[in-house]
Amino acid sequence: MRILNKHIGIVFVLFLLFSCGKDEYEIEYANGNPNPMAGNWVVWEFPKGEIGEQIYPPYSMTTALLPNNENYLVLDNLYNVKLRIKAEIRGDTGIYAYKTDQLEVINKGGFGVEKVTIDGYIQENFVLKDFLFRLALFSFPDMSFSIDDIDEVIFFRAGYYDEYDALVDSVMVMGYRKTGFEDVDYD
């Protein structure tokens, strides 16, 4: 009897293993970038919100979807001083924030900045793509990628405000997605 019960138990376990279909909670990963709004960017800032003679050196910036609300985007390392804010995603490519408080209290008030306003987009733009590629050629003499390697660009105007809502600085930010290139090309 014991041998029969043991065989029935083994057959039952094997039946369960082979009859189970795909778990409905199993994670499936998408190919490529999960969202065109999120990514790592090489950006340039232009003082006073316009292209002029003065240009700041490029730096890295990151965008990510807000974990608990996919209608918001977190922008990290604004102003190249680790400012982090959340901006509303408008439509397919727009980003907007109006005098939004910083998300990180560690750097709160750094450079006199308490609130940030941005208005811009993340999308393909052939005119900015060409302009940014020329900036990259000027900034990174040993580049190993071509203009065709640049897909999306990020573009926005930003206003930085103090605790009294007075404008501290305004800049225009432009950049291209860093994903897919060697990090050494940007340092």
# chains A, B, ... in the order shown; residues from 1 in each chain; ligands from 1
>>> residues_around(residues="region 160-165 of chain A", least_positions_apart="4", cutoff="6 Å", atoms="only C-alpha atoms", output="ChimeraX atom specification")
/A:112-116,169
>>> select_by_dssp(residues="region 103-153 of chain A", states="helix (DSSP H, G or I)", output="PyMOL selection string")
chain A and resi 110-112+126-139+147-149
>>> closest_residue(among="A:Met37, A:Val173, A:Leu167, A:Leu103", to="Leu73 (chain A)", atoms="only C-alpha atoms")
A:Met37
>>> residues_around(residues="Ala64 (chain A)", least_positions_apart="6", cutoff="10 Å", atoms="only C-alpha atoms", output="PyMOL selection string")
chain A and resi 35-40+70+72-76+86
>>> write_last_selection(atoms="N, CA and C atoms", output="PDB file, in the first residue's frame")
ATOM      1  N   ASN A  35       9.739  53.200 -22.182  1.00  0.00           N
ATOM      2  CA  ASN A  35       8.984  54.432 -22.357  1.00  0.00           C
ATOM      3  C   ASN A  35       9.920  55.477 -22.961  1.00  0.00           C
ATOM      4  N   PRO A  36       9.513  56.116 -24.035  1.00  0.00           N
ATOM      5  CA  PRO A  36      10.404  57.091 -24.683  1.00  0.00           C
ATOM      6  C   PRO A  36      10.690  58.320 -23.819  1.00  0.00           C
ATOM      7  N   MET A  37       9.914  58.534 -22.770  1.00  0.00           N
ATOM      8  CA  MET A  37      10.155  59.686 -21.903  1.00  0.00           C
ATOM      9  C   MET A  37      11.300  59.438 -20.922  1.00  0.00           C
ATOM     10  N   ALA A  38      11.550  58.181 -20.590  1.00  0.00           N
ATOM     11  CA  ALA A  38      12.582  57.849 -19.615  1.00  0.00           C
ATOM     12  C   ALA A  38      13.907  57.605 -20.307  1.00  0.00           C
ATOM     13  N   GLY A  39      14.979  57.995 -19.656  1.00  0.00           N
ATOM     14  CA  GLY A  39      16.286  57.722 -20.225  1.00  0.00           C
ATOM     15  C   GLY A  39      17.401  58.525 -19.593  1.00  0.00           C
ATOM     16  N   ASN A  40      18.588  58.291 -20.109  1.00  0.00           N
ATOM     17  CA  ASN A  40      19.777  59.036 -19.716  1.00  0.00           C
ATOM     18  C   ASN A  40      20.119  59.970 -20.861  1.00  0.00           C
ATOM     19  N   GLU A  70       2.136  57.128 -13.605  1.00  0.00           N
ATOM     20  CA  GLU A  70       2.789  57.157 -14.911  1.00  0.00           C
ATOM     21  C   GLU A  70       2.529  58.449 -15.683  1.00  0.00           C
ATOM     22  N   TYR A  72       3.528  61.318 -14.574  1.00  0.00           N
ATOM     23  CA  TYR A  72       4.568  62.242 -14.144  1.00  0.00           C
ATOM     24  C   TYR A  72       5.945  61.678 -14.444  1.00  0.00           C
ATOM     25  N   LEU A  73       6.854  62.592 -14.760  1.00  0.00           N
ATOM     26  CA  LEU A  73       8.220  62.242 -15.075  1.00  0.00           C
ATOM     27  C   LEU A  73       9.124  62.901 -14.035  1.00  0.00           C
ATOM     28  N   VAL A  74      10.089  62.160 -13.530  1.00  0.00           N
ATOM     29  CA  VAL A  74      11.077  62.712 -12.611  1.00  0.00           C
ATOM     30  C   VAL A  74      12.286  63.126 -13.437  1.00  0.00           C
ATOM     31  N   LEU A  75      12.718  64.356 -13.274  1.00  0.00           N
ATOM     32  CA  LEU A  75      13.928  64.861 -13.925  1.00  0.00           C
ATOM     33  C   LEU A  75      14.986  65.025 -12.853  1.00  0.00           C
ATOM     34  N   ASP A  76      16.116  64.375 -13.043  1.00  0.00           N
ATOM     35  CA  ASP A  76      17.166  64.344 -12.033  1.00  0.00           C
ATOM     36  C   ASP A  76      18.436  64.995 -12.560  1.00  0.00           C
ATOM     37  N   LYS A  86       9.504  66.615 -10.208  1.00  0.00           N
ATOM     38  CA  LYS A  86       8.599  65.826 -11.039  1.00  0.00           C
ATOM     39  C   LYS A  86       7.831  66.802 -11.925  1.00  0.00           C
TER      40      LYS A  86
END
>>> atom_distance(atom1="CA of Asn125 (chain A)", atom2="CA of Asn80 (chain A)")
23.7 Å
>>> atom_distance(atom1="CA of Ser170 (chain A)", atom2="CA of Pro47 (chain A)")
6.5 Å
>>> atom_distance(atom1="CA of Val43 (chain A)", atom2="CA of Met174 (chain A)")
5.4 Å
>>> closest_atom_pairs(of="region 121-174 of chain A", to="region 50-60 of chain A", cutoff="10 Å", atoms="only C-alpha atoms", output="CSV")
residue,atom,partner,partner_atom,distance
A:Leu135,CA,A:Pro58,CA,9.0
A:Ala136,CA,A:Pro58,CA,8.6
A:Ser139,CA,A:Pro58,CA,7.5
A:Phe140,CA,A:Pro58,CA,9.5
A:Arg157,CA,A:Glu50,CA,8.8
A:Ser170,CA,A:Glu50,CA,9.1
A:Val171,CA,A:Glu50,CA,7.1
A:Met172,CA,A:Glu50,CA,6.0
A:Val173,CA,A:Glu50,CA,9.3
A:Met174,CA,A:Pro58,CA,9.6
>>> write_last_selection(atoms="C-alpha atoms", output="PDB file, in the first residue's frame")
ATOM      1  CA  LEU A 135      27.650  70.533 -30.189  1.00  0.00           C
ATOM      2  CA  ALA A 136      28.767  66.980 -29.412  1.00  0.00           C
ATOM      3  CA  SER A 139      32.473  69.003 -26.857  1.00  0.00           C
ATOM      4  CA  PHE A 140      33.721  65.419 -27.359  1.00  0.00           C
ATOM      5  CA  ARG A 157      13.143  76.011 -20.843  1.00  0.00           C
ATOM      6  CA  SER A 170      16.547  80.802 -16.426  1.00  0.00           C
ATOM      7  CA  VAL A 171      18.122  78.435 -18.921  1.00  0.00           C
ATOM      8  CA  MET A 172      17.282  76.555 -22.075  1.00  0.00           C
ATOM      9  CA  VAL A 173      18.233  72.870 -21.940  1.00  0.00           C
ATOM     10  CA  MET A 174      18.828  70.680 -24.995  1.00  0.00           C
TER      11      MET A 174
END
